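Student: So here's start.pdb, just PDB, C-alpha atoms:
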MODEL        1
ATOM      1  CA  MET Q  15      83.492 131.581  73.459
ATOM      2  CA  ALA Q  16      84.912 128.936  75.756
ATOM      3  CA  LEU Q  17      86.826 126.024  74.391
ATOM      4  CA  VAL Q  18      86.038 122.759  76.125
ATOM      5  CA  VAL Q  19      88.542 119.956  75.726
ATOM      6  CA  ALA Q  20      87.404 116.478  76.633
ATOM      7  CA  GLN Q  21      89.960 114.530  78.591
ATOM      8  CA  GLU Q  22      90.409 111.027  77.268
ATOM      9  CA  VAL Q  23      90.043 108.580  80.105
ATOM     10  CA  PRO Q  24      92.190 105.485  79.708
ATOM     11  CA  THR Q  25      90.088 102.354  79.341
ATOM     12  CA  SER Q  26      93.100 100.144  79.965
ATOM     13  CA  SER Q  27      96.348 100.183  81.836
ATOM     14  CA  SER Q  28      99.325  97.875  82.224
ATOM     15  CA  MET Q  29     102.248  98.248  84.572
ATOM     16  CA  ALA Q  30     105.285  96.364  85.807
ATOM     17  CA  VAL Q  31     105.044  95.735  89.540
ATOM     18  CA  PRO Q  32     108.112  94.701  91.556
ATOM     19  CA  HIS Q  33     108.041  91.026  92.552
ATOM     20  CA  GLY Q  34     107.347  91.595  96.229
ATOM     21  CA  PRO Q  35     105.161  93.822  98.386
ATOM     22  CA  ALA Q  36     106.845  97.101  97.399
ATOM     23  CA  GLY Q  37     104.775  97.884  94.296
ATOM     24  CA  VAL Q  38     101.346  96.629  95.370
ATOM     25  CA  GLY Q  39     100.289  99.942  96.927
ATOM     26  CA  LYS Q  40     101.374 101.907  93.863
ATOM     27  CA  ALA Q  41      99.377  99.571  91.603
ATOM     28  CA  ARG Q  42      96.283  99.903  93.821
ATOM     29  CA  HIS Q  43      96.501 103.717  93.845
ATOM     30  CA  ARG Q  44      96.989 103.890  90.073
ATOM     31  CA  MET Q  45      94.052 101.543  89.452
ATOM     32  CA  ARG Q  46      91.768 103.460  91.812
ATOM     33  CA  ALA Q  47      92.626 106.819  90.230
ATOM     34  CA  GLN Q  48      92.166 105.589  86.654
ATOM     35  CA  LEU Q  49      88.894 103.771  87.297
ATOM     36  CA  ARG Q  50      87.553 106.714  89.292
ATOM     37  CA  SER Q  51      88.413 109.127  86.459
ATOM     38  CA  GLY Q  52      86.647 106.720  84.083
ATOM     39  CA  GLY Q  53      83.396 106.998  86.040
ATOM     40  CA  VAL Q  54      83.403 103.471  87.465
ATOM     41  CA  ALA Q  55      81.252 103.084  90.589
ATOM     42  CA  GLU Q  56      83.161 103.252  93.895
ATOM     43  CA  SER Q  57      81.856  99.845  95.007
ATOM     44  CA  VAL Q  58      83.194  98.269  91.793
ATOM     45  CA  ILE Q  59      86.513 100.068  92.275
ATOM     46  CA  ASP Q  60      86.749  98.778  95.857
ATOM     47  CA  ASP Q  61      86.213  95.214  94.646
ATOM     48  CA  ALA Q  62      88.708  95.663  91.796
ATOM     49  CA  VAL Q  63      91.395  97.064  94.107
ATOM     50  CA  LEU Q  64      90.946  94.181  96.570
ATOM     51  CA  ILE Q  65      91.097  91.671  93.710
ATOM     52  CA  LEU Q  66      94.257  93.308  92.322
ATOM     53  CA  SER Q  67      95.873  93.133  95.776
ATOM     54  CA  GLU Q  68      95.027  89.440  96.129
ATOM     55  CA  LEU Q  69      96.311  88.613  92.640
ATOM     56  CA  LEU Q  70      99.571  90.503  93.141
ATOM     57  CA  SER Q  71     100.114  88.914  96.561
ATOM     58  CA  ASN Q  72      99.571  85.451  95.092
ATOM     59  CA  ALA Q  73     101.878  86.165  92.139
ATOM     60  CA  CYS Q  74     104.663  87.283  94.469
ATOM     61  CA  LYS Q  75     104.153  84.431  96.929
ATOM     62  CA  HIS Q  76     103.619  81.531  94.518
ATOM     63  CA  GLY Q  77     104.994  82.664  91.143
ATOM     64  CA  ARG Q  78     108.370  83.633  89.773
ATOM     65  CA  PRO Q  79     109.114  87.069  88.365
ATOM     66  CA  LEU Q  80     108.830  87.526  84.611
ATOM     67  CA  GLY Q  81     111.880  86.771  82.512
ATOM     68  CA  ASP Q  82     115.060  85.404  84.053
ATOM     69  CA  ALA Q  83     115.049  87.525  87.214
ATOM     70  CA  LEU Q  84     115.483  85.903  90.588
ATOM     71  CA  SER Q  85     112.632  85.879  93.079
ATOM     72  CA  GLY Q  86     112.289  89.322  94.623
ATOM     73  CA  ASP Q  87     114.400  90.989  91.915
ATOM     74  CA  GLY Q  88     112.125  91.114  88.874
ATOM     75  CA  ASP Q  89     108.611  92.197  88.063
ATOM     76  CA  VAL Q  90     105.142  90.817  87.527
ATOM     77  CA  ARG Q  91     102.654  92.532  85.227
ATOM     78  CA  ALA Q  92      99.329  94.001  86.349
ATOM     79  CA  ALA Q  93      96.727  95.088  83.808
ATOM     80  CA  TRP Q  94      93.124  96.226  83.876
ATOM     81  CA  ARG Q  95      90.676  97.388  81.278
ATOM     82  CA  VAL Q  96      87.057  98.219  80.691
ATOM     83  CA  ASP Q  97      86.200  96.575  77.393
ATOM     84  CA  PRO Q  98      83.673  98.065  74.902
ATOM     85  CA  SER Q  99      80.788  96.108  76.476
ATOM     86  CA  GLY Q 100      81.591  97.572  79.918
ATOM     87  CA  ARG Q 101      83.277  94.534  81.496
ATOM     88  CA  LEU Q 102      86.038  95.388  83.977
ATOM     89  CA  ILE Q 103      88.838  92.844  83.595
ATOM     90  CA  VAL Q 104      91.887  92.619  85.876
ATOM     91  CA  GLU Q 105      94.908  90.476  85.027
ATOM     92  CA  VAL Q 106      98.172  89.669  86.787
ATOM     93  CA  THR Q 107     100.937  87.797  84.961
ATOM     94  CA  ASP Q 108     103.950  86.150  86.588
ATOM     95  CA  GLY Q 109     106.701  83.800  85.454
ATOM     96  CA  GLY Q 110     104.833  80.686  86.573
ATOM     97  CA  GLY Q 111     105.373  78.578  89.627
ATOM     98  CA  PRO Q 112     105.362  75.044  90.978
ATOM     99  CA  THR Q 113     101.566  74.932  91.387
ATOM    100  CA  ARG Q 114      98.495  76.079  89.460
ATOM    101  CA  PRO Q 115      96.319  78.811  90.948
ATOM    102  CA  ALA Q 116      93.332  77.107  92.597
ATOM    103  CA  PRO Q 117      91.094  78.012  95.539
ATOM    104  CA  ALA Q 118      92.224  76.385  98.787
ATOM    105  CA  THR Q 119      90.313  75.132 101.777
ATOM    106  CA  PRO Q 120      92.360  76.585 104.630
ATOM    107  CA  SER Q 121      91.823  75.630 108.239
ATOM    108  CA  VAL Q 122      89.955  78.047 110.462
ATOM    109  CA  THR Q 123      93.228  79.098 112.092
ATOM    110  CA  ALA Q 124      95.291  79.347 108.882
ATOM    111  CA  HIS Q 125      96.923  82.716 108.215
ATOM    112  CA  GLY Q 126      96.395  82.544 104.464
ATOM    113  CA  GLY Q 127      94.869  80.581 101.633
ATOM    114  CA  ARG Q 128      91.653  82.556 101.211
ATOM    115  CA  GLY Q 129      92.615  84.905  98.370
ATOM    116  CA  LEU Q 130      91.074  83.036  95.448
ATOM    117  CA  ASN Q 131      87.971  82.300  97.526
ATOM    118  CA  ILE Q 132      87.597  86.044  98.093
ATOM    119  CA  ILE Q 133      88.029  86.627  94.364
ATOM    120  CA  THR Q 134      85.443  83.943  93.579
ATOM    121  CA  ALA Q 135      82.988  85.657  95.920
ATOM    122  CA  LEU Q 136      83.511  89.165  94.526
ATOM    123  CA  ALA Q 137      83.982  88.539  90.807
ATOM    124  CA  ASP Q 138      81.648  87.532  88.019
ATOM    125  CA  ASP Q 139      84.251  85.130  86.593
ATOM    126  CA  TRP Q 140      87.952  84.277  86.755
ATOM    127  CA  GLY Q 141      90.421  81.840  85.274
ATOM    128  CA  VAL Q 142      94.027  81.041  84.412
ATOM    129  CA  ARG Q 143      95.794  81.398  81.065
ATOM    130  CA  ASP Q 144      99.203  79.858  80.285
ATOM    131  CA  ASP Q 145     101.703  81.320  77.851
ATOM    132  CA  VAL Q 146     104.197  79.355  75.761
ATOM    133  CA  ARG Q 147     107.038  81.155  77.573
ATOM    134  CA  GLY Q 148     105.899  79.695  80.898
ATOM    135  CA  GLU Q 149     104.118  82.843  82.008
ATOM    136  CA  VAL Q 150     100.861  82.418  83.912
ATOM    137  CA  THR Q 151      98.070  85.010  83.852
ATOM    138  CA  VAL Q 152      95.191  84.978  86.305
ATOM    139  CA  TRP Q 153      92.307  87.020  84.842
ATOM    140  CA  VAL Q 154      89.216  88.246  86.643
ATOM    141  CA  VAL Q 155      85.995  89.754  85.313
ATOM    142  CA  VAL Q 156      85.211  92.041  88.225
ATOM    143  CA  HIS Q 157      81.846  93.067  86.830
ATOM    144  CA  ASP Q 158      80.097  92.337  83.545
ATOM    145  CA  ASP Q 159      78.869  95.923  83.073
ATOM    146  CA  VAL Q 160      80.381  98.783  85.067
ATOM    147  CA  HIS Q 161      77.847 101.124  83.429
ATOM    148  CA  ASP Q 162      74.909  99.184  84.946
ATOM    149  CA  PRO Q 163      73.290 101.326  87.684
ATOM    150  CA  ASP Q 164      73.411  98.299  90.044
ATOM    151  CA  ALA Q 165      77.061  97.547  89.297
ATOM    152  CA  GLY Q 166      79.051  96.727  92.361
ATOM    153  CA  HIS Q 167      76.140  96.261  94.710
ATOM    154  CA  ARG Q 168      77.003  93.369  96.972
ATOM    155  CA  ARG Q 169      75.352  90.185  95.938
ATOM    156  CA  ASP Q 170      72.702  88.725  98.236
ATOM    157  CA  ASP Q 171      74.389  85.330  98.125
ATOM    158  CA  PHE Q 172      77.840  86.627  99.145
ATOM    159  CA  ALA Q 173      77.792  84.925 102.549
ATOM    160  CA  THR Q 174      76.641  81.616 101.112
ATOM    161  CA  ARG Q 175      79.481  81.572  98.594
ATOM    162  CA  VAL Q 176      82.164  82.222 101.235
ATOM    163  CA  THR Q 177      81.631  79.486 103.768
ATOM    164  CA  ALA Q 178      83.783  77.801 106.343
ATOM    165  CA  PRO Q 179      83.166  74.305 107.636
ATOM    166  CA  ALA Q 180      81.030  73.998 110.744
ATOM    167  CA  VAL Q 181      83.179  73.844 113.875
ATOM    168  CA  SER Q 182      81.529  70.536 114.789
ATOM    169  CA  ARG Q 183      82.886  69.030 111.557
ATOM    170  CA  ILE Q 184      86.530  69.929 112.175
ATOM    171  CA  PRO Q 185      88.283  66.776 113.413
ATOM    172  CA  GLY Q 186      90.102  67.103 116.718
ATOM    173  CA  LEU Q 187      88.519  70.426 117.592
ATOM    174  CA  ASP Q 188      86.178  70.163 120.546
ATOM    175  CA  PHE Q 189      85.715  73.336 122.540
ATOM    176  CA  ALA Q 190      84.420  71.373 125.533
ATOM    177  CA  ASP Q 191      87.895  69.831 125.934
ATOM    178  CA  ALA Q 192      89.436  73.264 126.299
ATOM    179  CA  PHE Q 193      87.485  73.821 129.518
ATOM    180  CA  ASP Q 194      88.279  70.451 131.179
ATOM    181  CA  ASP Q 195      91.256  71.915 133.057
ATOM    182  CA  LEU Q 196      89.186  74.754 134.557
ATOM    183  CA  ASP Q 197      87.291  72.514 137.019
TER     184      ASP Q 197
ENDMDL
END
Could you render the structure from this file as structure tokens?
Tutor:
Amino acid sequence: MALVVAQEVPTSSSMAVPHGPAGVGKARHRMRAQLRSGGVAESVIDDAVLILSELLSNACKHGRPLGDALSGDGDVRAAWRVDPSGRLIVEVTDGGGPTRPAPATPSVTAHGGRGLNIITALADDWGVRDDVRGEVTVWVVVHDDVHDPDAGHRRDDFATRVTAPAVSRIPGLDFADAFDDLD
């Protein structure tokens, strides 16, 4: 007679991540392993890992570490869970900052500013929660039901939700001018 022991798969996880790029990879690997062991679809995991990376990057760039630590010395908190209804929720909490998290409209040549737009395109919902201690949590519902057989399939309207302005509408940018000196 064989004894089968069911392994309990964690439905939630929370970890302190160093305020800076050092801990982002560790958080991504831990999330991927836990969601994979929980039977979450790979496409949902890929989206969740990208969202976690964006949230942690924003927390380290725009927010302070938790507590009284100086920038770069303390931690931020990353958490994820699959709730009883099957929603995958990712949260990152920092010590707050000078601005509120809001999607930007970066220029075509900008090196950043697209993170929350990426999250908006991939997630079912997201928002910001403030704490009385000054902490700020950005939460994301990656998918409403990770047990749905279509969970994580790219949405048909993905490209229409992530749009850049038409080149012709960018003031001062006329490609014809760039070729004037070639004559």
Student: For Met29 in chain Q, work out the shell of residues within 7 Å, counting all atoms listed in the file and skipping chain neighbours fewer than 5 positions away, then give it as a PyMOL selection string.
Tutor: chain Q and resi 91-93
Student: Excluding Arg78 in chain Q and residues on its chain fewer than 6 positions from it, collect all residues at most 12 Å away from it, counting all atoms listed in the file, and give them as a PyMOL selection string.
Tutor: chain Q and resi 32-34+70-72+84-91+107-113+148-151
Student: Quick check, in Å to one decimal: how far apart do CA of Ala36 in chain Q and CA of Ser67 in chain Q lie?
Tutor: 11.8 Å
Student: By how many Å are CA of His125 in chain Q and CA of Glu56 in chain Q apart?
Tutor: 28.6 Å
Student: Would you mind telling me which residue in Q:Val96, Q:Val106, Q:Ala55, Q:Met45 lies nearest to Asp144 in chain Q when using all atoms listed in the file?
Tutor: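 Checking each candidate against Asp144 in chain Q, we get Q:Val106 as the closest.
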Student: Which one of Q:Val104, Q:Val31, Q:Ala118, Q:Leu130 sits closest to Glu68 in chain Q if you count all atoms listed in the file?
Tutor: Q:Leu130
Student: Hey, what comes out of the PyMOL selection byres ((chain Q and resi 103) around 9) on this file? Could you write it as a PyMOL selection string?
Tutor: chain Q and resi 62+93-97+101-102+104-105+153-158
Student: Once the PyMOL selection byres ((chain Q and resi 133) around 9) is applied to the coordinates I shared, what remains selected? I want it as a PyMOL selection string.
Tutor: chain Q and resi 61+64-65+68-69+128-132+134-137+139-140+154+156
Student: Report the distance between CA of Val58 in chain Q and CA of Val160 in chain Q in Å, rounded to one decimal place.
Tutor: 7.3 Å
Student: Could you please give me, as a list in words, the residues of protein, DNA or RNA lying at most 9 Å from (93.7, 102.0, 93.5) in the coordinate frame of the file, considering only C-alpha atoms?
Tutor: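 Final list of nearby residues, as requested, is Gly39, Lys40, Ala41, Arg42, His43, Arg44, Met45, Arg46, Ala47, Gln48, Leu49, Arg50, Ile59, Asp60, Ala62, Val63, Leu64 and Leu66 of chain Q.
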Student: Using the file's own x, y and z axes, what box holds all listed atoms of range 57-70 of chain Q with 5 Å on each side, keeping edges along x, y and z, and what are its centre and edge lengths in Å to one decimal, as JSON?
Tutor:
{"center_x": 90.7, "center_y": 94.3, "center_z": 94.2, "size_x": 27.7, "size_y": 21.5, "size_z": 14.8}
